[in-house]
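What follows is one structure encoded as structure tokens, with my remarks underneath.
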Amino acid sequence: MIIRFRCPGCRTELEFDDLSQQRSPCPVCDRQVTLQVTDAMRGRNQVDRCALCDCETVYVQKDFNRTLGVGIFIAGAVISLVLYGFDQVWWAFAVLLGCAVMDGLLYRLLPDVTICYKCHAQYRRFTPRPENLPFELGLAEKFDPLDKRAEADNPAAEWHGR
Ligand SMILES: [Zn+2]
Ligand SMILES: [Zn+2]
């Protein structure tokens, strides 16, 4: 499993993959970042909670590079417009269709990434865990409220759920 997170000190993106360790020094600001690596992470390679902020709810999504997906689509649209300009209507259509198929295939082949609702730490190359569900907006608001002053938990978010 690879954990990617932002250093709480300097916000640099860091990667952590040695699960036998409980802390990792930031190469930029030298701060020791503590990680709560659980037994499930060590033993089964599963994300059962966030190692950075101890949040118990994480979500799973496709590790889809939006820029790449949109790039393929734009390239396809441009090529097909050019072909259309040269009266190659069927080819123009075929290129568009080809790009849609490619995007679809890419999406299927891509691995999943697990993300913490609270601190947005990302976990890759893990064993899937059925309890971890896709993103839910309601949960995102609960764990990552808009009021981010001092990055404290928003107590109002808790009352809301009761
Ligand atoms: Zn740092
Ligand atoms: Zn977290």
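By order in the structure tokens, chains are A, B, ...; within a chain, residues start at 1; ligands start at 1, following the order shown.
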
Using only C-alpha atoms and all ligand atoms, determine which residues fall within 8 Å of ligand 1, then list them as a PDB file with C-alpha atoms, in the first residue's frame.
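Resulting contents of selection_8.pdb:
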ATOM      1  CA  ARG A   6       0.245  16.496   2.514  1.00  0.00           C
ATOM      2  CA  CYS A   7       2.755  17.375   5.202  1.00  0.00           C
ATOM      3  CA  PRO A   8       0.860  19.179   7.994  1.00  0.00           C
ATOM      4  CA  GLY A   9       3.806  21.532   8.338  1.00  0.00           C
ATOM      5  CA  CYS A  10       4.580  22.723   4.811  1.00  0.00           C
ATOM      6  CA  ARG A  11       1.799  21.124   2.672  1.00  0.00           C
ATOM      7  CA  THR A  12       4.304  19.265   0.481  1.00  0.00           C
ATOM      8  CA  PRO A  25      10.121  12.689   8.328  1.00  0.00           C
ATOM      9  CA  CYS A  26       9.198  15.410   5.846  1.00  0.00           C
ATOM     10  CA  PRO A  27      12.211  15.956   3.552  1.00  0.00           C
ATOM     11  CA  VAL A  28      11.276  19.612   3.097  1.00  0.00           C
ATOM     12  CA  CYS A  29      10.541  20.954   6.574  1.00  0.00           C
ATOM     13  CA  ASP A  30      11.964  18.073   8.648  1.00  0.00           C
ATOM     14  CA  ARG A  31       8.744  17.608  10.568  1.00  0.00           C
TER      15      ARG A  31
END

Quick one: everything within 6 Å of Phe5 (chain A), counting only C-alpha atoms, minus sequence neighbours fewer than 4 positions away in the same chain. Send it as a short mmCIF file (atom, residue, chain, number, x, y, z; two decimals) with C-alpha atoms, in the first residue's frame.
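out.cif written:
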data_model
loop_
_atom_site.label_atom_id
_atom_site.label_comp_id
_atom_site.auth_asym_id
_atom_site.auth_seq_id
_atom_site.Cartn_x
_atom_site.Cartn_y
_atom_site.Cartn_z
CA GLU A 13 2.88 16.08 -1.04
CA LEU A 14 4.59 13.09 0.53
CA ALA A 121 -4.95 11.33 2.25
#

### Query
What are the DSSP alpha helix (DSSP H) residues of region 13-140 of chain A, as an MDAnalysis selection string?
chainID A and resid 39:44 66:85 89:109 137:140

### Task
Could you please extract the residues within 8 Å of ligand 2, counting only C-alpha atoms and all ligand atoms, and hand them back as a count of residues only?
15

### Task
Between A:Met1, A:Val89, A:Val113, A:Val60, single out the one closest to Arg44 (chain A), counting only C-alpha atoms.
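Comparing A:Met1, A:Val89, A:Val113, A:Val60 against Arg44 (chain A), the winner is A:Met1.
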
Contact check, region 62-82 of chain A to region 92-100 of chain A, at most 8 Å, counting only C-alpha atoms, closest pairs as a Markdown table:
| residue | atom | partner | partner_atom | distance |
| --- | --- | --- | --- | --- |
| A:Ile72 | CA | A:Cys99 | CA | 6.5 |
| A:Phe73 | CA | A:Cys99 | CA | 6.2 |
| A:Gly76 | CA | A:Leu96 | CA | 5.6 |
| A:Ala77 | CA | A:Leu96 | CA | 6.4 |
| A:Ile79 | CA | A:Ala92 | CA | 7.3 |
| A:Ser80 | CA | A:Ala92 | CA | 4.1 |
| A:Leu81 | CA | A:Ala92 | CA | 6.7 |
| A:Val82 | CA | A:Ala92 | CA | 7.9 |

Those residues you just picked out, can you put them in a file as an mmCIF file, in the first residue's frame with C-alpha atoms?
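Saved to part.cif:
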data_model
loop_
_atom_site.group_PDB
_atom_site.id
_atom_site.type_symbol
_atom_site.label_atom_id
_atom_site.label_comp_id
_atom_site.auth_asym_id
_atom_site.auth_seq_id
_atom_site.Cartn_x
_atom_site.Cartn_y
_atom_site.Cartn_z
ATOM 1 C CA ILE A 72 -8.292 12.296 -25.193
ATOM 2 C CA PHE A 73 -11.752 13.738 -25.682
ATOM 3 C CA GLY A 76 -10.708 13.301 -30.690
ATOM 4 C CA ALA A 77 -13.023 16.279 -31.178
ATOM 5 C CA ILE A 79 -9.335 15.423 -35.307
ATOM 6 C CA SER A 80 -12.944 14.641 -36.071
ATOM 7 C CA LEU A 81 -13.686 18.320 -36.865
ATOM 8 C CA VAL A 82 -10.743 18.414 -39.279
#

### Query
Which one is closest to Leu109 (chain A): A:Phe64, A:Leu19, A:Glu141, A:Asn132? Count only C-alpha atoms.
A:Phe64

### Interatomic distance, CA of Ile3 (chain A) to CA of Phe16 (chain A) (Å, one decimal)
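So the answer is 5.0 Å.
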
### Query
Which of these, A:Leu110, A:Ala140, A:Thr38, A:Leu105, has the shortest distance to Asn65 (chain A) once you count only C-alpha atoms?
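Checking each candidate against Asn65 (chain A), we get A:Leu110 as the closest.
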
### Task
Within 9 Å of Pro111 (chain A), counting only C-alpha atoms, which residues show up once you throw out same-chain ones fewer than 6 positions away? Write them as a list in words, please.
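Once the nearby chain positions are removed, what remains is Gln61, Lys62, Asp63, Phe64, Arg124 and Arg125 of chain A.
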
May I have the selected residues written with C-alpha atoms, as a short mmCIF file (atom, residue, chain, number, x, y, z; two decimals), in the first residue's frame?
data_model
loop_
_atom_site.label_atom_id
_atom_site.label_comp_id
_atom_site.auth_asym_id
_atom_site.auth_seq_id
_atom_site.Cartn_x
_atom_site.Cartn_y
_atom_site.Cartn_z
CA GLN A 61 -13.04 5.91 -6.44
CA LYS A 62 -11.33 5.18 -9.75
CA ASP A 63 -7.81 6.53 -9.92
CA PHE A 64 -8.80 8.45 -13.01
CA ARG A 124 -3.14 3.13 -3.46
CA ARG A 125 -2.33 -0.54 -4.21
#

### Task
Mind listing the strand (DSSP E or B) residues of chain A, per DSSP on the backbone, as a PyMOL selection string?
chain A and resi 2-6+13-16+23-25+32-34+58-62+112-116+122-124+133

Would you write out those residues with C-alpha atoms, as a PDB file, in the first residue's frame?
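Listed below is the output, again-v2.pdb:
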ATOM      1  CA  ILE A   2       1.173   3.498  -0.776  1.00  0.00           C
ATOM      2  CA  ILE A   3      -0.119   6.417   1.278  1.00  0.00           C
ATOM      3  CA  ARG A   4       0.042   9.885  -0.220  1.00  0.00           C
ATOM      4  CA  PHE A   5      -0.648  12.887   1.988  1.00  0.00           C
ATOM      5  CA  ARG A   6       0.245  16.496   2.514  1.00  0.00           C
ATOM      6  CA  GLU A  13       2.877  16.084  -1.041  1.00  0.00           C
ATOM      7  CA  LEU A  14       4.588  13.089   0.528  1.00  0.00           C
ATOM      8  CA  GLU A  15       4.463   9.345  -0.120  1.00  0.00           C
ATOM      9  CA  PHE A  16       4.701   6.649   2.513  1.00  0.00           C
ATOM     10  CA  ARG A  23       6.374   7.951  11.386  1.00  0.00           C
ATOM     11  CA  SER A  24       7.944   9.579   8.409  1.00  0.00           C
ATOM     12  CA  PRO A  25      10.121  12.689   8.328  1.00  0.00           C
ATOM     13  CA  GLN A  32       8.025  14.069  11.836  1.00  0.00           C
ATOM     14  CA  VAL A  33       4.615  13.010  10.567  1.00  0.00           C
ATOM     15  CA  THR A  34       3.039  10.287  12.708  1.00  0.00           C
ATOM     16  CA  VAL A  58     -12.964   6.653   3.722  1.00  0.00           C
ATOM     17  CA  TYR A  59     -14.290   6.408   0.188  1.00  0.00           C
ATOM     18  CA  VAL A  60     -13.175   4.568  -2.930  1.00  0.00           C
ATOM     19  CA  GLN A  61     -13.036   5.909  -6.441  1.00  0.00           C
ATOM     20  CA  LYS A  62     -11.331   5.178  -9.746  1.00  0.00           C
ATOM     21  CA  ASP A 112      -9.069   2.225  -7.356  1.00  0.00           C
ATOM     22  CA  VAL A 113      -7.834   4.817  -4.928  1.00  0.00           C
ATOM     23  CA  THR A 114      -9.082   5.087  -1.336  1.00  0.00           C
ATOM     24  CA  ILE A 115      -9.406   8.636  -0.019  1.00  0.00           C
ATOM     25  CA  CYS A 116      -9.974   9.954   3.505  1.00  0.00           C
ATOM     26  CA  GLN A 122      -4.840   8.881  -0.683  1.00  0.00           C
ATOM     27  CA  TYR A 123      -4.200   5.145  -0.446  1.00  0.00           C
ATOM     28  CA  ARG A 124      -3.136   3.133  -3.460  1.00  0.00           C
ATOM     29  CA  LEU A 133     -18.057   2.826  -0.329  1.00  0.00           C
TER      30      LEU A 133
END
